[in-house]
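Coordinates as given in structure-v7.cif (mmCIF, C-alpha atoms):
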data_start
loop_
_atom_site.label_atom_id
_atom_site.label_comp_id
_atom_site.auth_asym_id
_atom_site.auth_seq_id
_atom_site.Cartn_x
_atom_site.Cartn_y
_atom_site.Cartn_z
CA MET A 6 -36.67 -1.56 27.69
CA ILE A 7 -33.32 -3.36 27.96
CA LYS A 8 -31.42 -2.74 31.18
CA ALA A 9 -27.64 -2.72 30.66
CA TRP A 10 -25.24 -2.42 33.59
CA PHE A 11 -21.92 -0.63 33.03
CA ASP A 12 -19.21 -0.63 35.72
CA ALA A 13 -16.64 2.16 35.24
CA LEU A 14 -13.28 1.83 36.99
CA THR A 15 -11.28 4.60 35.27
CA ALA A 16 -11.92 7.98 33.68
CA LYS A 17 -11.66 6.38 30.23
CA GLN A 18 -14.30 3.84 31.17
CA ALA A 19 -16.49 6.62 32.54
CA ARG A 20 -16.40 8.28 29.12
CA ILE A 21 -17.40 5.01 27.45
CA ALA A 22 -20.29 4.69 29.91
CA ALA A 23 -21.37 8.26 29.18
CA VAL A 24 -21.39 7.84 25.40
CA LEU A 25 -23.28 4.54 25.59
CA SER A 26 -25.80 5.95 28.05
CA LEU A 27 -26.47 9.06 25.97
CA GLU A 28 -26.55 7.27 22.60
CA SER A 29 -28.55 4.18 23.51
CA GLY A 30 -31.74 5.82 24.79
CA ARG A 31 -33.32 5.83 21.35
CA GLU A 32 -32.27 2.19 20.96
CA GLY A 33 -34.48 1.14 23.86
CA ILE A 34 -31.56 0.57 26.24
CA ASN A 35 -31.38 2.03 29.74
CA PHE A 36 -27.96 2.09 31.40
CA ILE A 37 -27.34 1.49 35.09
CA ILE A 38 -23.91 2.93 35.87
CA THR A 39 -21.73 2.01 38.82
CA CYS A 40 -18.18 3.10 39.46
CA ARG A 41 -15.26 2.81 41.84
CA ASP A 42 -13.84 5.60 43.99
CA TYR A 43 -10.68 6.21 42.01
CA ASP A 44 -8.96 9.04 40.20
CA TYR A 45 -11.27 11.24 38.06
CA VAL A 46 -14.08 8.71 37.48
CA GLU A 47 -16.83 10.58 39.32
CA GLU A 48 -15.69 13.89 37.87
CA VAL A 49 -16.17 12.57 34.31
CA LEU A 50 -19.56 11.00 35.04
CA GLY A 51 -20.70 14.20 36.72
CA MET A 52 -19.54 16.25 33.74
CA PHE A 53 -22.11 14.41 31.60
CA GLY A 54 -24.87 14.81 34.19
CA LEU A 55 -25.30 11.04 34.58
CA HIS A 56 -26.88 9.20 37.48
CA TYR A 57 -24.43 6.70 38.97
CA GLU A 58 -23.48 5.00 42.21
CA CYS A 59 -19.86 4.60 43.29
CA VAL A 60 -19.07 1.46 45.26
CA GLY A 61 -15.76 0.48 46.85
CA ARG A 62 -12.15 1.40 46.19
CA HIS A 63 -9.14 -0.13 44.44
CA GLY A 64 -6.34 -1.91 46.26
CA GLU A 65 -2.61 -1.53 45.72
CA SER A 66 -0.89 -4.70 46.96
CA PRO A 67 -2.10 -8.09 45.61
CA ARG A 68 -3.70 -8.97 48.96
CA GLU A 69 -5.40 -5.59 49.20
CA LYS A 70 -6.67 -5.84 45.61
CA LEU A 71 -8.20 -9.22 46.42
CA ALA A 72 -9.80 -8.06 49.66
CA ARG A 73 -11.18 -4.86 48.14
CA GLY A 74 -12.50 -6.83 45.16
CA ILE A 75 -14.38 -9.33 47.35
CA GLU A 76 -15.84 -6.51 49.46
CA ARG A 77 -16.88 -4.64 46.34
CA GLN A 78 -18.59 -7.63 44.77
CA LEU A 79 -20.76 -8.10 47.84
CA ALA A 80 -21.60 -4.40 47.92
CA LEU A 81 -22.44 -4.31 44.19
CA LEU A 82 -24.89 -7.19 44.65
CA ASP A 83 -26.96 -4.90 46.87
CA VAL A 84 -26.77 -2.01 44.39
CA VAL A 85 -27.40 -3.72 41.05
CA LYS A 86 -30.47 -5.87 41.55
CA ASP A 87 -31.98 -6.05 38.06
CA PHE A 88 -30.23 -5.95 34.70
CA ASP A 89 -30.30 -7.85 31.40
CA VAL A 90 -26.73 -7.46 30.10
CA HIS A 91 -23.45 -6.43 31.68
CA VAL A 92 -20.96 -4.21 29.79
CA SER A 93 -17.53 -3.05 30.95
CA LEU A 94 -13.97 -2.58 29.94
CA THR A 95 -13.19 -5.85 31.77
CA SER A 96 -14.22 -5.07 35.34
CA PRO A 97 -13.37 -8.27 37.28
CA ASP A 98 -15.86 -7.54 40.08
CA ALA A 99 -18.78 -6.83 37.76
CA VAL A 100 -18.02 -9.68 35.34
CA ARG A 101 -17.92 -12.13 38.25
CA ILE A 102 -21.33 -10.95 39.44
CA ALA A 103 -22.90 -11.05 35.98
CA PHE A 104 -21.52 -14.55 35.35
CA GLY A 105 -22.75 -15.75 38.72
CA LEU A 106 -26.23 -14.44 38.01
CA GLY A 107 -26.30 -16.00 34.55
CA LYS A 108 -26.40 -12.65 32.73
CA PRO A 109 -24.69 -12.17 29.34
CA ILE A 110 -21.48 -10.17 29.31
CA VAL A 111 -20.08 -7.76 26.72
CA ALA A 112 -16.38 -7.20 27.43
CA LEU A 113 -14.57 -4.26 25.85
CA THR A 114 -10.79 -4.34 25.84
CA ASP A 115 -7.75 -2.85 24.15
CA THR A 116 -5.20 -4.03 26.71
CA ALA A 117 -3.90 -7.44 25.70
CA HIS A 118 -1.03 -6.88 28.16
CA SER A 119 -3.37 -6.75 31.19
CA ARG A 120 -2.83 -10.44 31.93
CA PHE A 121 -4.47 -10.82 35.33
CA VAL A 122 -7.61 -8.87 34.47
CA ASN A 123 -7.99 -10.63 31.11
CA LYS A 124 -7.69 -14.07 32.72
CA LEU A 125 -10.45 -13.16 35.17
CA THR A 126 -12.85 -11.69 32.64
CA LEU A 127 -12.46 -12.69 28.99
CA PRO A 128 -13.16 -16.42 29.43
CA LEU A 129 -16.50 -15.50 31.04
CA ALA A 130 -17.61 -13.01 28.37
CA ASP A 131 -20.19 -13.78 25.66
CA SER A 132 -18.94 -11.03 23.35
CA ILE A 133 -15.50 -9.42 23.32
CA ILE A 134 -15.10 -6.17 21.39
CA VAL A 135 -11.53 -5.23 20.47
CA PRO A 136 -9.65 -2.96 18.04
CA SER A 137 -8.55 -4.88 14.93
CA ALA A 138 -5.07 -3.36 15.33
CA ILE A 139 -4.42 -5.99 18.02
CA PRO A 140 -3.67 -9.39 16.42
CA ILE A 141 -6.18 -12.12 17.17
CA ASN A 142 -3.47 -14.36 18.61
CA GLU A 143 -3.11 -11.93 21.51
CA TRP A 144 -6.60 -12.94 22.64
CA THR A 145 -6.13 -16.68 22.22
CA ARG A 146 -3.98 -16.57 25.35
CA TYR A 147 -7.17 -15.95 27.34
CA ILE A 148 -10.00 -17.47 25.29
CA PRO A 149 -10.45 -21.15 24.40
CA SER A 150 -9.86 -21.60 20.68
CA VAL A 151 -13.37 -23.00 20.18
CA GLU A 152 -14.77 -19.68 21.44
CA ILE A 153 -12.58 -17.31 19.44
CA ASP A 154 -15.54 -16.36 17.26
CA LYS A 155 -16.97 -14.36 20.17
CA VAL A 156 -14.28 -11.74 19.47
CA ARG A 157 -15.71 -8.82 17.46
CA ALA A 158 -13.04 -6.54 15.97
CA PHE A 159 -13.48 -2.97 14.71
CA ASP A 160 -11.12 -0.79 12.67
CA GLY A 161 -10.53 2.01 15.15
CA LEU A 162 -10.16 2.57 18.89
CA PHE A 163 -12.48 3.22 21.82
CA GLU A 164 -11.33 6.84 22.20
CA LEU A 165 -13.17 7.65 18.96
CA MET A 166 -16.43 7.24 20.90
CA TRP A 167 -15.90 10.62 22.57
CA VAL A 168 -13.40 12.30 20.24
CA ASN A 169 -16.00 12.09 17.43
CA ARG A 170 -18.53 13.85 19.67
CA PHE A 171 -16.19 16.52 21.03
CA LYS A 172 -16.26 20.23 20.27
CA PRO A 173 -13.57 22.44 21.88
CA THR A 174 -14.94 25.21 24.08
CA GLY A 175 -11.95 26.61 25.94
CA ASP A 176 -13.84 26.38 29.25
CA SER A 177 -11.13 24.29 30.89
CA ILE A 178 -8.23 26.55 29.97
CA ASN A 179 -10.26 29.56 31.05
CA LYS A 180 -10.68 28.00 34.50
CA LEU A 181 -6.91 27.61 34.71
CA GLY A 182 -6.16 31.07 33.34
CA LEU A 183 -4.24 29.63 30.38
CA ARG A 184 -4.16 30.36 26.67
CA SER A 185 -4.19 27.87 23.84
CA ARG A 186 -0.81 26.29 22.98
CA GLU A 187 1.06 27.96 25.85
CA PHE A 188 1.02 24.87 28.09
CA ALA A 189 1.69 21.14 28.16
CA VAL A 190 -0.36 18.45 29.87
CA ILE A 191 1.45 15.67 31.76
CA ARG A 192 -0.19 12.53 33.15
CA LEU A 193 1.89 10.17 35.28
CA GLU A 194 1.92 6.42 34.83
CA GLU A 195 -0.43 3.92 36.46
CA ALA A 196 2.46 2.59 38.55
CA ARG A 197 0.36 0.39 40.86
CA ALA A 198 -1.91 -1.26 38.30
CA SER A 199 -1.84 -5.07 38.21
CA TYR A 200 -0.24 -5.05 34.74
CA TYR A 201 2.45 -2.45 35.50
CA ASP A 202 5.74 -4.03 36.60
CA TYR A 203 8.22 -1.71 34.89
CA GLY A 204 9.35 0.28 37.91
CA ASP A 205 8.52 3.83 38.87
CA LYS A 206 9.04 6.40 36.08
CA SER A 207 8.20 9.51 38.08
CA ARG A 208 11.78 10.79 37.90
CA LEU A 209 11.65 10.75 34.11
CA LEU A 210 8.45 12.81 34.19
CA ILE A 211 10.04 15.31 36.57
CA ARG A 212 12.90 15.77 34.07
CA MET A 213 10.48 16.20 31.18
CA ALA A 214 8.32 18.65 33.12
CA ARG A 215 11.38 20.68 34.08
CA GLY A 216 12.51 20.77 30.44
CA ILE A 217 9.12 22.07 29.32
CA LEU A 218 8.94 24.67 32.09
CA GLU A 219 12.45 25.95 31.38
CA ARG A 220 11.42 26.58 27.78
CA GLY A 221 8.78 29.01 29.04
CA TYR A 222 5.66 26.84 28.84
CA TYR A 223 3.15 26.29 31.60
CA VAL A 224 2.57 22.70 32.71
CA VAL A 225 -0.65 21.08 33.94
CA MET A 226 0.18 17.84 35.78
CA PHE A 227 -2.15 15.02 36.76
CA PRO A 228 -0.60 12.61 39.31
CA ARG A 229 -2.44 9.34 39.96
CA TYR A 230 -1.20 8.69 43.51
CA PRO A 231 -0.38 10.84 46.56
CA TYR A 232 3.31 9.86 46.46
CA GLN A 233 3.56 11.13 42.87
CA GLU A 234 2.01 14.45 43.87
CA GLU A 235 4.41 14.78 46.80
CA MET A 236 7.37 14.17 44.51
CA ILE A 237 6.16 16.84 42.09
CA LYS A 238 5.80 19.35 44.94
CA SER A 239 9.22 18.45 46.32
CA GLU A 240 11.11 18.60 43.02
CA LEU A 241 9.20 21.35 41.20
CA GLY A 242 7.83 23.40 44.08
CA LEU A 243 9.38 26.64 42.82
CA PHE A 244 7.41 26.43 39.57
CA ILE A 245 4.22 25.76 41.55
CA ARG A 246 4.83 28.86 43.66
CA LEU A 247 5.46 30.89 40.50
CA GLY A 248 2.15 29.70 39.06
CA LYS A 249 3.87 27.98 36.12
CA LEU A 250 3.01 24.42 37.20
CA ILE A 251 -0.58 23.56 38.05
CA ILE A 252 -1.94 20.42 39.75
CA PRO A 253 -5.72 20.78 39.32
CA ARG A 254 -7.97 19.54 42.10
CA SER A 255 -11.79 19.61 42.21
CA MET A 256 -11.97 21.94 39.20
CA LYS A 257 -14.25 19.85 36.93
CA LEU A 258 -11.96 20.14 33.93
CA ASP A 259 -12.58 18.43 30.60
CA GLY A 260 -9.35 16.57 29.82
CA LEU A 261 -10.26 16.45 26.14
CA ASP A 262 -10.62 20.23 25.99
CA LEU A 263 -7.25 20.61 27.72
CA SER A 264 -5.60 18.23 25.26
CA TRP A 265 -7.04 20.00 22.25
CA HIS A 266 -5.62 23.37 23.42
CA ALA A 267 -2.27 22.00 24.65
CA ARG A 268 1.04 22.41 22.85
CA LEU A 269 1.97 18.89 23.92
CA VAL A 270 0.55 15.98 25.93
CA VAL A 271 2.85 13.56 27.78
CA THR A 272 1.56 10.43 29.51
CA GLY A 273 2.82 7.24 31.06
CA GLY A 274 -0.34 5.47 29.97
CA SER A 275 -2.07 5.48 26.63
CA THR A 276 -5.52 7.10 26.77
CA MET A 277 -4.51 10.77 26.96
CA ALA A 278 -1.82 10.28 24.31
CA HIS A 279 -4.33 8.61 21.97
CA GLU A 280 -6.95 11.30 22.59
CA ALA A 281 -4.42 14.06 21.92
CA ALA A 282 -3.10 12.43 18.73
CA LEU A 283 -6.65 11.94 17.41
CA LEU A 284 -7.35 15.60 18.13
CA GLY A 285 -4.17 16.68 16.34
CA THR A 286 -2.09 17.64 19.38
CA PRO A 287 1.48 16.22 19.49
CA ALA A 288 1.66 13.50 22.15
CA ILE A 289 4.36 11.45 23.85
CA SER A 290 3.69 8.08 25.49
CA TYR A 291 6.47 6.58 27.60
CA PHE A 292 4.56 3.39 28.44
CA PRO A 293 7.47 0.92 28.41
CA GLN A 294 5.82 -1.94 26.52
CA HIS A 295 5.00 -2.42 22.85
CA TYR A 296 1.42 -1.33 22.20
CA TYR A 297 -0.31 -2.21 18.92
CA ILE A 298 -2.67 0.77 19.08
CA ASP A 299 0.33 3.11 19.06
CA ASP A 300 1.63 1.46 15.89
CA TYR A 301 -1.83 1.81 14.35
CA LEU A 302 -2.03 5.54 15.09
CA VAL A 303 1.52 6.29 13.99
CA GLY A 304 0.88 4.34 10.79
CA LYS A 305 -2.14 6.55 10.12
CA GLY A 306 0.09 9.63 10.31
CA LEU A 307 -1.17 10.96 13.65
CA PRO A 308 1.22 13.00 15.85
CA LEU A 309 1.99 10.29 18.43
CA HIS A 310 5.54 9.64 19.62
CA ARG A 311 6.70 6.57 21.57
CA CYS A 312 9.81 6.64 23.70
CA VAL A 313 11.61 4.89 26.57
CA GLY A 314 14.02 6.46 29.07
CA ASP A 315 16.37 9.15 27.80
CA ASP A 316 14.88 8.92 24.30
CA CYS A 317 11.91 10.80 25.74
CA MET A 318 14.04 13.90 26.24
CA TYR A 319 14.99 13.83 22.54
CA ALA A 320 11.35 13.36 21.51
CA LEU A 321 10.36 16.26 23.75
CA GLU A 322 13.01 18.54 22.26
CA SER A 323 12.04 17.60 18.71
CA ILE A 324 8.36 18.42 19.27
CA LEU A 325 8.98 21.73 21.02
CA LYS A 326 11.43 22.86 18.31
CA SER A 327 8.94 22.09 15.56
CA ASP A 328 6.78 24.81 14.04
CA VAL A 329 3.86 22.38 13.82
CA GLU A 330 1.71 22.98 16.90
CA HIS A 331 -1.44 21.25 15.73
CA VAL A 332 -2.46 18.86 12.95
CA ASP A 333 -5.78 18.65 11.12
CA THR A 334 -6.75 15.00 11.65
CA SER A 335 -10.35 15.12 10.41
CA ASN A 336 -9.66 13.21 7.17
CA ILE A 337 -7.73 10.51 9.01
CA ILE A 338 -10.24 9.80 11.76
CA SER A 339 -13.18 9.90 9.36
CA GLY A 340 -11.80 6.65 7.91
CA MET A 341 -11.75 4.91 11.30
CA GLU A 342 -14.58 2.96 12.89
CA ASP A 343 -16.36 4.28 15.98
CA PRO A 344 -17.33 1.14 18.00
CA THR A 345 -20.44 2.66 19.62
CA GLY A 346 -22.84 1.07 17.13
CA LEU A 347 -21.17 -2.34 17.43
CA ILE A 348 -21.40 -2.27 21.24
CA ILE A 349 -25.08 -1.32 21.19
CA SER A 350 -25.76 -4.00 18.58
CA GLU A 351 -24.12 -6.66 20.78
CA ILE A 352 -26.11 -5.53 23.81
CA ARG A 353 -29.35 -5.88 21.86
CA ARG A 354 -28.31 -9.27 20.47
CA LEU A 355 -27.47 -10.71 23.88
CA ALA A 356 -30.41 -9.17 25.75
CA GLY A 357 -32.84 -11.65 24.27
CA GLY A 358 -31.59 -14.50 26.40
CA SER A 359 -29.10 -15.63 29.02
CA ARG A 360 -26.89 -18.65 29.66
CA ARG A 361 -29.37 -20.21 32.04
#

Any chance you could give the structure as structure tokens?
Amino acid sequence: MIKAWFDALTAKQARIAAVLSLESGREGINFIITCRDYDYVEEVLGMFGLHYECVGRHGESPREKLARGIERQLALLDVVKDFDVHVSLTSPDAVRIAFGLGKPIVALTDTAHSRFVNKLTLPLADSIIVPSAIPINEWTRYIPSVEIDKVRAFDGLFELMWVNRFKPTGDSINKLGLRSREFAVIRLEEARASYYDYGDKSRLLIRMARGILERGYYVVMFPRYPYQEEMIKSELGLFIRLGKLIIPRSMKLDGLDLSWHARLVVTGGSTMAHEAALLGTPAISYFPQHYYIDDYLVGKGLPLHRCVGDDCMYALESILKSDVEHVDTSNIISGMEDPTGLIISEIRRLAGGSRR
């Protein structure tokens, strides 16, 4: 039995861990899952009934990120004592440990813009799995040219791993007392991530949320940080008191189920917008940097809209005026590649040996 260690730092990474853990059992691979105390990571892992151990927290300032990372590495050494291969969506702490122990590393990434994390992880990886939508020269910034053949590209995106296995139930909207298509989902930006230096966009989201609410829709908002939640309560408190704006806490909601039933999904990141577009729900991403995956999805005809600043208000108005509430995307996504098989194949290939 191969022992693979996955370290999940975000809710997206928790979903990757869940799919790999559930799919790889018959491949003779047992997953050890660790995580970090952040956002909805534990909620997602718990939703799949997985055994995991959360270790450490994230930092916000550069000094705090460094200190928390060092503390977490030492703590993880005591938790993960025996594994054959490490897999993660570029977890610096876990990659450092695996490299130090001479264990092979499978790095998954779709964020060429995450410069600091990529510099710390990709040069140490034995296999790097990426969407083919991202040009290869984006990775040569981090990988020596003589090692570029360790990049394995697939024609799709990581979100297909769980979108392809999803069936809408309505459980999440029932918990919130909502009906399909009568609400929008809004996810604020990852303003304190190492790669995010575009300034706070919370005010833009407040304007967009207000515009949606004033058109009669409910809004389900997911802030990432306490200050974002306080701003929502301060600026949109009336709608909260009226029950029109909901900030879910400890409700064990399936974000994918919410996105499938939503009239619209708005996010300052990428994952929820990509999930929604794959599911056929109109989505807006206001992430302020060019993102190749967005171009890929738009080119496929999926309902994803990119915008910056005031253009987002026009995109919002256009979507809400449209009669098209949902798109059948089954034919489009059937032509894309789910990377699950490739990841499992790389784990098996690398498990037979190590660098030392």

Exercise. Can you tell me how far CA of Arg229 (chain A) sits from CA of Val49 (chain A), in Å to one decimal?
Worked result: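 That distance, rounded to one decimal, is 15.2 Å.
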
For this session: List every protein, DNA or RNA residue that has an atom no more than 8 Å from (-11.9, -2.1, 36.2) in the file's coordinate frame, counting all atoms listed in the file, and report them as a list in words.
Result: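 Nearby residues: Asp12, Ala13, Leu14, Thr15, Ser93, Leu94, Thr95, Ser96, Pro97 and Asp98 of chain A.
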
How would the residues just picked look written out with C-alpha atoms as a PDB file, keeping the file's coordinate frame?
ATOM      1  CA  ASP A  12     -19.210  -0.630  35.720  1.00  0.00           C
ATOM      2  CA  ALA A  13     -16.640   2.160  35.240  1.00  0.00           C
ATOM      3  CA  LEU A  14     -13.280   1.830  36.990  1.00  0.00           C
ATOM      4  CA  THR A  15     -11.280   4.600  35.270  1.00  0.00           C
ATOM      5  CA  SER A  93     -17.530  -3.050  30.950  1.00  0.00           C
ATOM      6  CA  LEU A  94     -13.970  -2.580  29.940  1.00  0.00           C
ATOM      7  CA  THR A  95     -13.190  -5.850  31.770  1.00  0.00           C
ATOM      8  CA  SER A  96     -14.220  -5.070  35.340  1.00  0.00           C
ATOM      9  CA  PRO A  97     -13.370  -8.270  37.280  1.00  0.00           C
ATOM     10  CA  ASP A  98     -15.860  -7.540  40.080  1.00  0.00           C
TER      11      ASP A  98
END

For this session: Report the residues retrieved by the PyMOL selection byres ((chain A and resi 56-69) around 12) from the displayed file, expressed as a ChimeraX atom specification.
Result: /A:10-15,19,22-23,26-27,35-44,46-55,70-85,96-99,121,195-201,230

For this session: Would you list the contacts of Glu330 (chain A) as a list in words, taking every protein, DNA or RNA residue within 8 Å and counting only C-alpha atoms, but skipping same-chain residues closer than 2 positions in sequence?
Result: Arg186, Arg268, Thr286, Pro287, Ser327, Asp328 and Val332 of chain A

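Here, the PyMOL selection byres ((chain A and resi 221) around 9) matches Glu187, Phe188, Ile217, Leu218, Glu219, Arg220, Tyr222, Tyr223 and Lys249 of chain A.
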
Which residues, protein or nucleic acid, reach to within 12 Å of (4.3, 7.3, 29.5) in the file's coordinates when using only C-alpha atoms, and can you give that as a JSON list (two decimals) with C-alpha atoms, in the frame of the given file?
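For reference, selection38.json as written:
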[["chain", "number", "residue", "atom", "x", "y", "z"],
["A", 191, "ILE", "CA", 1.45, 15.67, 31.76],
["A", 192, "ARG", "CA", -0.19, 12.53, 33.15],
["A", 193, "LEU", "CA", 1.89, 10.17, 35.28],
["A", 194, "GLU", "CA", 1.92, 6.42, 34.83],
["A", 195, "GLU", "CA", -0.43, 3.92, 36.46],
["A", 196, "ALA", "CA", 2.46, 2.59, 38.55],
["A", 201, "TYR", "CA", 2.45, -2.45, 35.50],
["A", 203, "TYR", "CA", 8.22, -1.71, 34.89],
["A", 205, "ASP", "CA", 8.52, 3.83, 38.87],
["A", 206, "LYS", "CA", 9.04, 6.40, 36.08],
["A", 207, "SER", "CA", 8.20, 9.51, 38.08],
["A", 208, "ARG", "CA", 11.78, 10.79, 37.90],
["A", 209, "LEU", "CA", 11.65, 10.75, 34.11],
["A", 210, "LEU", "CA", 8.45, 12.81, 34.19],
["A", 213, "MET", "CA", 10.48, 16.20, 31.18],
["A", 270, "VAL", "CA", 0.55, 15.98, 25.93],
["A", 271, "VAL", "CA", 2.85, 13.56, 27.78],
["A", 272, "THR", "CA", 1.56, 10.43, 29.51],
["A", 273, "GLY", "CA", 2.82, 7.24, 31.06],
["A", 274, "GLY", "CA", -0.34, 5.47, 29.97],
["A", 275, "SER", "CA", -2.07, 5.48, 26.63],
["A", 276, "THR", "CA", -5.52, 7.10, 26.77],
["A", 277, "MET", "CA", -4.51, 10.77, 26.96],
["A", 278, "ALA", "CA", -1.82, 10.28, 24.31],
["A", 279, "HIS", "CA", -4.33, 8.61, 21.97],
["A", 288, "ALA", "CA", 1.66, 13.50, 22.15],
["A", 289, "ILE", "CA", 4.36, 11.45, 23.85],
["A", 290, "SER", "CA", 3.69, 8.08, 25.49],
["A", 291, "TYR", "CA", 6.47, 6.58, 27.60],
["A", 292, "PHE", "CA", 4.56, 3.39, 28.44],
["A", 293, "PRO", "CA", 7.47, 0.92, 28.41],
["A", 294, "GLN", "CA", 5.82, -1.94, 26.52],
["A", 295, "HIS", "CA", 5.00, -2.42, 22.85],
["A", 296, "TYR", "CA", 1.42, -1.33, 22.20],
["A", 299, "ASP", "CA", 0.33, 3.11, 19.06],
["A", 309, "LEU", "CA", 1.99, 10.29, 18.43],
["A", 310, "HIS", "CA", 5.54, 9.64, 19.62],
["A", 311, "ARG", "CA", 6.70, 6.57, 21.57],
["A", 312, "CYS", "CA", 9.81, 6.64, 23.70],
["A", 313, "VAL", "CA", 11.61, 4.89, 26.57],
["A", 314, "GLY", "CA", 14.02, 6.46, 29.07],
["A", 316, "ASP", "CA", 14.88, 8.92, 24.30],
["A", 317, "CYS", "CA", 11.91, 10.80, 25.74]]

Exercise. Which neighbours of Met226 (chain A) fall inside 9 Å, counting all atoms listed in the file, when residues of the same chain fewer than 3 positions from it are skipped, and could you give them as a PyMOL selection string?
Worked result: chain A and resi 189-193+214+234+237+250-253

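With only C-alpha atoms as the atoms that count, the minimum distance from Glu322 (chain A) to the choices A:Gly216, A:Pro228, A:Gly306, A:Gly285 is reached by A:Gly216.
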
For this session: State, in Å with one decimal place, the distance from CA of Asn142 (chain A) to CA of Val111 (chain A).
Result: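 That distance, rounded to one decimal, is 19.6 Å.
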
Problem set entry | One-decimal distance in Å that lies between CA of Phe171 (chain A) and CA of Ala267 (chain A) | 15.4 Å

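Matched in the shown structure by the PyMOL selection byres ((chain A and resi 159) around 6): Pro136, Ser137, Ala158, Asp160 and Gly161 of chain A.
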